[in-house]
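In what follows, a single structure is set out as structure tokens and then discussed.
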Amino acid sequence: MAASVRLGRKRPLPVCPNPLFVRWLTEWRDEAASRGRRTQFVFQKALRSLRRYPLPLRSGKEAKILQHFGDRLCRMLDQRLQQHKASGGDHARSSPSGEKSSTPEGPPARVRDSSVPIPAQPKAGGSGSYWPARHSGARAVLLLLYRERLNPSGRSFLTKEELLQRCAQKAPRVALGSTRPWPALRSLLHRNLVLRTHQPARAGHRPKLLLELQRLHVTHVVRKLHVGDFVWVAQETRPRDPARPGELVLDHIVERKRLDDLCSSIIDGRFREQKFRLKRCGLGHRVYLVEEHGSAHHLSLPESTLLQAVTNTQVIDGFFVKRTADIKESAAYLALLTLGLQRLYQGHTLRSRPWGTSGDPESRPGPSPHPLCSLLTFSDFNTGAMKNKAQCVQEVFARQLMQVRGVSGEKAAAIVGQYSTPASLLAAYDACVTPKEQEMLLSTIKCGRLQRNLGPALSRIFSQLYCCYSPLT
């Protein structure tokens, strides 16, 4: 007896909106793999991100909004695109069958906050398509952003607060739990249906904070700082040029983080990088001001993770952590800190010291003023704190070491203190007799105030990173 045959409709393959970019990235990945280059993994990550993006891209520059697309890769795509057009090729986005993609090319809607999502309409059909479930938080977010984009009198973006409020009003049937509107953005971000570009969360709330400082009669000036959010500046009392008095930065700096901005900075890596730069800014007293904002249930990280990060900042990094309930309490704390610093420095003669030297008189030969009075000029402080300034080999080496998971600024500084350059570390590895000796080379390096060993686990990771010529597993 013949077996029954099940018949069904064959699913159409999903349309590729960027076939040229996919083809070129595939070629570059295969070429790098054939030559044994590690850039093959960079191309593979970019290729995976591009395949999840549902909209056509007109240039390589536009691809920078995607994850794993840096400046160099975008330039490579633009150069290849110019060569393609010069040879008579067409950059129109089409499907493998030759049909043009029906995806609209109009600018997508945006959400402006600590992260600015840009929604894109998902494509139906195909095994790789994604439709948010009915009455889900993801569907509510996309519909609200899409309607705001179509509104002729709208702003084409929604703040986080507005988005949550409208989700509660217009989508009351959204289920609780894992389908809450704001955590649903993690799924949309992963599928590139919502794209994120970062902006400082404090920018949108600066006017409120300034108004509170004015209400508390705190004298302040808004300037661009390359590190931190608040510093205190003492001006010369009898300057030679009254129009340009000398300015010295007091030895205190405050970094303010709202909980939502703290959450996003942990996810994208700014959290560790900012703490590293604060430690090297030349000021000794660093304050981390953590400001509550709304319910922690709307954040994309568990509250326990945020609490652990704040605790590590105080215990391990040596920052003074101050938690406040809202903007008013933050302004009140800044007002009290201002009053305390005025009393602390009152009656002292303040003198400048060059960048890179300590305010401790025992660290320099000869007579020296009291540490409280030996301060950096504002221009030296702000110039030295620039993110993209020219860096020495040691600074670049330390940043490279910190890219390894589990390596803090103190651990990187301890390694650089013993091996100041990659060349010196590689020479030490070459001098090892056995692979086991290479694995344990860095394990006994003392780190931090407690002078604990770096440990065998990180030492083994670094030996693999600098001594292994084959792809890492």
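Quick note on naming: the chains in the structure tokens go A, B, ... in the order shown, residues restart at 1 in each chain, and ligands are numbered from 1 in order of appearance.
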* Write out as number ranges by chain which residues come within 6 Å of Arg353 of chain A when counting only C-alpha atoms, dropping same-chain ones fewer than 2 positions away. => A: 374-376
* Selection near Ile267 of chain A, 12 Å with only C-alpha atoms, sequence-local residues under 2 positions removed, as a VMD selection string -> chain A and resid 115 186 196 198 260 to 265 269 to 273 299 to 302 305 to 306 309
* Members of segment 257-395 of chain A assigned alpha helix (DSSP H) by DSSP, as a ChimeraX atom specification -> /A:259-268,270-279,303-315,327-345,378-384,393-395
* Contacts of segment 330-336 of chain A at 12 Å (only C-alpha atoms; same-chain gap of 2+ positions) as number ranges by chain -> A: 206-220, 229-232, 252-258, 287-293, 322-328, 338-343
Write out, as a CSV table (one decimal), in the first residue's frame, the residues just selected, with N, CA and C atoms.
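And here's selection-v6.csv as it stands now:
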```
chain,number,residue,atom,x,y,z
A,206,ARG,N,18.5,68.5,31.7
A,206,ARG,CA,19.4,69.5,32.2
A,206,ARG,C,18.6,70.8,32.6
A,207,PRO,N,17.6,71.2,31.8
A,207,PRO,CA,16.9,72.4,32.2
A,207,PRO,C,16.2,72.3,33.6
A,208,LYS,N,15.7,71.1,33.9
A,208,LYS,CA,15.0,70.9,35.2
A,208,LYS,C,16.0,71.0,36.3
A,209,LEU,N,17.2,70.4,36.1
A,209,LEU,CA,18.2,70.5,37.1
A,209,LEU,C,18.8,71.9,37.3
A,210,LEU,N,18.9,72.6,36.2
A,210,LEU,CA,19.4,74.0,36.3
A,210,LEU,C,18.4,74.9,37.0
A,211,LEU,N,17.1,74.6,36.8
A,211,LEU,CA,16.1,75.4,37.5
A,211,LEU,C,16.1,75.1,39.0
A,212,GLU,N,16.4,73.8,39.3
A,212,GLU,CA,16.4,73.5,40.8
A,212,GLU,C,17.7,74.2,41.4
A,213,LEU,N,18.8,74.2,40.7
A,213,LEU,CA,20.0,74.8,41.2
A,213,LEU,C,19.8,76.4,41.4
A,214,GLN,N,19.1,77.0,40.4
A,214,GLN,CA,18.7,78.4,40.6
A,214,GLN,C,17.8,78.6,41.8
A,215,ARG,N,16.9,77.7,42.0
A,215,ARG,CA,16.0,77.9,43.1
A,215,ARG,C,16.7,77.8,44.4
A,216,LEU,N,17.8,77.0,44.5
A,216,LEU,CA,18.6,76.9,45.7
A,216,LEU,C,19.7,77.9,45.7
A,217,HIS,N,19.7,78.8,44.8
A,217,HIS,CA,20.7,79.9,44.8
A,217,HIS,C,22.2,79.4,44.6
A,218,VAL,N,22.3,78.4,43.8
A,218,VAL,CA,23.7,77.8,43.5
A,218,VAL,C,24.2,78.5,42.3
A,219,THR,N,25.3,79.2,42.4
A,219,THR,CA,25.9,79.8,41.2
A,219,THR,C,26.5,78.7,40.3
A,220,HIS,N,26.2,78.8,39.0
A,220,HIS,CA,26.7,77.7,38.1
A,220,HIS,C,26.8,78.3,36.7
A,229,ASP,N,30.2,65.2,35.0
A,229,ASP,CA,29.0,66.1,34.8
A,229,ASP,C,29.1,67.4,35.6
A,230,PHE,N,29.8,67.4,36.7
A,230,PHE,CA,29.9,68.6,37.6
A,230,PHE,C,31.3,68.7,38.1
A,231,VAL,N,31.9,69.9,38.0
A,231,VAL,CA,33.1,70.2,38.7
A,231,VAL,C,33.0,71.6,39.3
A,232,TRP,N,33.9,71.9,40.2
A,232,TRP,CA,33.8,73.2,40.9
A,232,TRP,C,35.1,74.0,40.5
A,252,HIS,N,37.3,67.8,43.2
A,252,HIS,CA,36.1,67.0,43.3
A,252,HIS,C,35.4,67.0,42.0
A,253,ILE,N,34.8,65.8,41.6
A,253,ILE,CA,34.1,65.7,40.3
A,253,ILE,C,32.9,64.8,40.6
A,254,VAL,N,31.8,65.0,39.9
A,254,VAL,CA,30.6,64.3,40.1
A,254,VAL,C,30.2,63.8,38.7
A,255,GLU,N,29.9,62.5,38.7
A,255,GLU,CA,29.3,61.8,37.5
A,255,GLU,C,27.8,61.5,37.9
A,256,ARG,N,26.9,62.1,37.2
A,256,ARG,CA,25.5,61.8,37.5
A,256,ARG,C,24.9,60.8,36.5
A,257,LYS,N,24.2,59.8,37.1
A,257,LYS,CA,23.5,58.8,36.2
A,257,LYS,C,22.1,58.5,36.7
A,258,ARG,N,21.2,58.7,35.8
A,258,ARG,CA,19.9,58.2,36.1
A,258,ARG,C,19.9,56.7,35.9
A,287,VAL,N,32.8,61.3,42.8
A,287,VAL,CA,31.4,61.0,43.3
A,287,VAL,C,30.6,60.5,42.2
A,288,TYR,N,29.9,59.4,42.4
A,288,TYR,CA,29.0,58.8,41.5
A,288,TYR,C,27.6,59.0,42.0
A,289,LEU,N,26.9,59.9,41.4
A,289,LEU,CA,25.5,60.3,41.8
A,289,LEU,C,24.5,59.5,41.0
A,290,VAL,N,23.8,58.5,41.7
A,290,VAL,CA,22.9,57.6,41.0
A,290,VAL,C,21.5,58.1,41.4
A,291,GLU,N,20.7,58.5,40.4
A,291,GLU,CA,19.4,59.1,40.6
A,291,GLU,C,18.3,58.1,40.2
A,292,GLU,N,17.4,57.9,41.1
A,292,GLU,CA,16.2,57.0,40.8
A,292,GLU,C,15.4,57.7,39.7
A,293,HIS,N,14.7,56.8,39.0
A,293,HIS,CA,13.8,57.4,37.9
A,293,HIS,C,12.7,56.3,37.6
A,322,LYS,N,26.5,58.2,45.8
A,322,LYS,CA,25.4,58.9,46.5
A,322,LYS,C,24.1,58.6,45.7
A,323,ARG,N,23.1,58.0,46.3
A,323,ARG,CA,21.8,57.7,45.6
A,323,ARG,C,20.8,58.7,46.0
A,324,THR,N,20.0,59.2,45.0
A,324,THR,CA,19.0,60.2,45.3
A,324,THR,C,17.7,59.7,44.7
A,325,ALA,N,16.6,60.3,45.2
A,325,ALA,CA,15.3,59.8,44.7
A,325,ALA,C,14.8,60.5,43.4
A,326,ASP,N,15.2,61.7,43.2
A,326,ASP,CA,14.8,62.5,42.0
A,326,ASP,C,15.7,63.7,41.7
A,327,ILE,N,15.3,64.5,40.8
A,327,ILE,CA,16.1,65.6,40.4
A,327,ILE,C,16.3,66.6,41.6
A,328,LYS,N,15.2,66.8,42.3
A,328,LYS,CA,15.2,67.8,43.4
A,328,LYS,C,16.2,67.4,44.5
A,338,THR,N,28.4,72.0,47.3
A,338,THR,CA,29.0,73.3,46.9
A,338,THR,C,29.3,74.1,48.2
A,339,LEU,N,28.4,74.1,49.1
A,339,LEU,CA,28.6,74.8,50.4
A,339,LEU,C,29.8,74.2,51.2
A,340,GLY,N,29.9,72.9,51.2
A,340,GLY,CA,31.0,72.3,51.9
A,340,GLY,C,32.3,72.6,51.3
A,341,LEU,N,32.4,72.6,50.0
A,341,LEU,CA,33.7,72.9,49.3
A,341,LEU,C,34.1,74.4,49.5
A,342,GLN,N,33.1,75.3,49.6
A,342,GLN,CA,33.4,76.7,49.9
A,342,GLN,C,34.0,76.8,51.3
A,343,ARG,N,33.5,76.1,52.2
A,343,ARG,CA,34.1,76.1,53.6
A,343,ARG,C,35.4,75.5,53.6
```
* Residue neighbourhood segment 395-398 of chain A, 12 Å, only C-alpha atoms, exclusion window fewer than 4 positions, as a PyMOL selection string -> chain A and resi 273+276-277+280+387-391+402-404+407-425
Same residues, N, CA and C atoms, saved as a PDB file, in the first residue's frame:
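Final output, part.pdb:
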```pdb
ATOM      1  N   GLU A 273      34.137  52.223  30.682  1.00  0.00           N
ATOM      2  CA  GLU A 273      35.022  53.186  30.024  1.00  0.00           C
ATOM      3  C   GLU A 273      34.981  54.543  30.723  1.00  0.00           C
ATOM      4  N   PHE A 276      36.890  54.386  34.001  1.00  0.00           N
ATOM      5  CA  PHE A 276      38.327  54.373  33.723  1.00  0.00           C
ATOM      6  C   PHE A 276      38.839  55.789  33.462  1.00  0.00           C
ATOM      7  N   ARG A 277      38.089  56.579  32.699  1.00  0.00           N
ATOM      8  CA  ARG A 277      38.512  57.951  32.393  1.00  0.00           C
ATOM      9  C   ARG A 277      38.383  58.854  33.609  1.00  0.00           C
ATOM     10  N   ARG A 280      41.382  58.648  35.745  1.00  0.00           N
ATOM     11  CA  ARG A 280      42.579  59.251  35.163  1.00  0.00           C
ATOM     12  C   ARG A 280      42.401  60.733  34.856  1.00  0.00           C
ATOM     13  N   LYS A 387      38.529  62.610  25.238  1.00  0.00           N
ATOM     14  CA  LYS A 387      38.411  61.188  24.937  1.00  0.00           C
ATOM     15  C   LYS A 387      39.285  60.780  23.768  1.00  0.00           C
ATOM     16  N   ASN A 388      39.399  61.646  22.768  1.00  0.00           N
ATOM     17  CA  ASN A 388      40.121  61.290  21.547  1.00  0.00           C
ATOM     18  C   ASN A 388      41.463  62.002  21.442  1.00  0.00           C
ATOM     19  N   LYS A 389      42.055  62.329  22.579  1.00  0.00           N
ATOM     20  CA  LYS A 389      43.362  62.978  22.544  1.00  0.00           C
ATOM     21  C   LYS A 389      44.440  61.965  22.143  1.00  0.00           C
ATOM     22  N   ALA A 390      45.613  62.497  21.786  1.00  0.00           N
ATOM     23  CA  ALA A 390      46.731  61.618  21.446  1.00  0.00           C
ATOM     24  C   ALA A 390      47.136  60.823  22.686  1.00  0.00           C
ATOM     25  N   GLN A 391      47.259  59.516  22.535  1.00  0.00           N
ATOM     26  CA  GLN A 391      47.536  58.647  23.669  1.00  0.00           C
ATOM     27  C   GLN A 391      48.894  57.975  23.500  1.00  0.00           C
ATOM     28  N   MET A 402      41.602  46.065  28.885  1.00  0.00           N
ATOM     29  CA  MET A 402      40.289  46.183  29.518  1.00  0.00           C
ATOM     30  C   MET A 402      39.167  45.632  28.651  1.00  0.00           C
ATOM     31  N   GLN A 403      39.444  45.325  27.407  1.00  0.00           N
ATOM     32  CA  GLN A 403      38.415  44.730  26.556  1.00  0.00           C
ATOM     33  C   GLN A 403      38.147  43.273  26.923  1.00  0.00           C
ATOM     34  N   VAL A 404      39.040  42.674  27.690  1.00  0.00           N
ATOM     35  CA  VAL A 404      38.841  41.302  28.145  1.00  0.00           C
ATOM     36  C   VAL A 404      37.874  41.315  29.324  1.00  0.00           C
ATOM     37  N   VAL A 407      38.473  42.269  33.392  1.00  0.00           N
ATOM     38  CA  VAL A 407      39.666  43.090  33.614  1.00  0.00           C
ATOM     39  C   VAL A 407      39.222  44.518  33.901  1.00  0.00           C
ATOM     40  N   SER A 408      39.385  44.960  35.129  1.00  0.00           N
ATOM     41  CA  SER A 408      39.036  46.319  35.519  1.00  0.00           C
ATOM     42  C   SER A 408      40.207  47.255  35.242  1.00  0.00           C
ATOM     43  N   GLY A 409      39.995  48.538  35.514  1.00  0.00           N
ATOM     44  CA  GLY A 409      41.070  49.506  35.320  1.00  0.00           C
ATOM     45  C   GLY A 409      42.259  49.241  36.218  1.00  0.00           C
ATOM     46  N   GLU A 410      41.982  48.802  37.463  1.00  0.00           N
ATOM     47  CA  GLU A 410      43.072  48.513  38.385  1.00  0.00           C
ATOM     48  C   GLU A 410      43.902  47.320  37.916  1.00  0.00           C
ATOM     49  N   LYS A 411      43.240  46.293  37.397  1.00  0.00           N
ATOM     50  CA  LYS A 411      43.967  45.120  36.913  1.00  0.00           C
ATOM     51  C   LYS A 411      44.785  45.465  35.675  1.00  0.00           C
ATOM     52  N   ALA A 412      44.194  46.265  34.776  1.00  0.00           N
ATOM     53  CA  ALA A 412      44.951  46.677  33.586  1.00  0.00           C
ATOM     54  C   ALA A 412      46.151  47.524  33.975  1.00  0.00           C
ATOM     55  N   ALA A 413      45.968  48.427  34.963  1.00  0.00           N
ATOM     56  CA  ALA A 413      47.073  49.275  35.403  1.00  0.00           C
ATOM     57  C   ALA A 413      48.183  48.439  36.040  1.00  0.00           C
ATOM     58  N   ALA A 414      47.803  47.378  36.761  1.00  0.00           N
ATOM     59  CA  ALA A 414      48.810  46.514  37.378  1.00  0.00           C
ATOM     60  C   ALA A 414      49.632  45.785  36.319  1.00  0.00           C
ATOM     61  N   ILE A 415      48.972  45.322  35.264  1.00  0.00           N
ATOM     62  CA  ILE A 415      49.703  44.625  34.191  1.00  0.00           C
ATOM     63  C   ILE A 415      50.621  45.603  33.462  1.00  0.00           C
ATOM     64  N   VAL A 416      50.080  46.803  33.153  1.00  0.00           N
ATOM     65  CA  VAL A 416      50.885  47.801  32.443  1.00  0.00           C
ATOM     66  C   VAL A 416      52.044  48.276  33.316  1.00  0.00           C
ATOM     67  N   GLY A 417      51.842  48.276  34.630  1.00  0.00           N
ATOM     68  CA  GLY A 417      52.927  48.670  35.519  1.00  0.00           C
ATOM     69  C   GLY A 417      54.119  47.735  35.447  1.00  0.00           C
ATOM     70  N   GLN A 418      53.876  46.477  35.131  1.00  0.00           N
ATOM     71  CA  GLN A 418      54.972  45.505  35.035  1.00  0.00           C
ATOM     72  C   GLN A 418      55.422  45.306  33.590  1.00  0.00           C
ATOM     73  N   TYR A 419      54.486  45.362  32.655  1.00  0.00           N
ATOM     74  CA  TYR A 419      54.815  45.249  31.219  1.00  0.00           C
ATOM     75  C   TYR A 419      54.197  46.453  30.535  1.00  0.00           C
ATOM     76  N   SER A 420      54.997  47.473  30.296  1.00  0.00           N
ATOM     77  CA  SER A 420      54.473  48.773  29.870  1.00  0.00           C
ATOM     78  C   SER A 420      53.993  48.792  28.429  1.00  0.00           C
ATOM     79  N   THR A 421      54.430  47.854  27.603  1.00  0.00           N
ATOM     80  CA  THR A 421      54.043  47.823  26.196  1.00  0.00           C
ATOM     81  C   THR A 421      53.722  46.391  25.785  1.00  0.00           C
ATOM     82  N   PRO A 422      52.959  46.209  24.712  1.00  0.00           N
ATOM     83  CA  PRO A 422      52.732  44.847  24.216  1.00  0.00           C
ATOM     84  C   PRO A 422      54.030  44.139  23.852  1.00  0.00           C
ATOM     85  N   ALA A 423      55.021  44.898  23.363  1.00  0.00           N
ATOM     86  CA  ALA A 423      56.295  44.270  22.984  1.00  0.00           C
ATOM     87  C   ALA A 423      56.987  43.660  24.195  1.00  0.00           C
ATOM     88  N   SER A 424      56.952  44.359  25.334  1.00  0.00           N
ATOM     89  CA  SER A 424      57.601  43.814  26.535  1.00  0.00           C
ATOM     90  C   SER A 424      56.865  42.582  27.039  1.00  0.00           C
ATOM     91  N   LEU A 425      55.535  42.564  26.918  1.00  0.00           N
ATOM     92  CA  LEU A 425      54.776  41.390  27.341  1.00  0.00           C
ATOM     93  C   LEU A 425      55.057  40.201  26.419  1.00  0.00           C
TER      94      LEU A 425
END
```
* To do: Can you work out which one of A:Trp355, A:Phe320, A:Trp28, A:Tyr429 has the shortest atom-to-atom distance to Ser379 of chain A, counting only C-alpha atoms?
  => A:Trp355
* Asked: Quick one: of A:Lys45, A:Arg405, A:Arg449, A:Arg38, who's nearest to Gly70 of chain A, counting only C-alpha atoms?
  -> A:Lys45
* DSSP strand (DSSP E) residues within segment 218-437 of chain A, as a PyMOL selection string -> chain A and resi 230-235+247-258+285-291+320-324+351-352+374-377
* To do: Name the residues in contact with segment 431-443 of chain A at a cut-off of 7 Å, using only C-alpha atoms, excluding same-chain residues fewer than 6 positions from it; report them as a PyMOL selection string.
  => chain A and resi 453-456+459-460+463
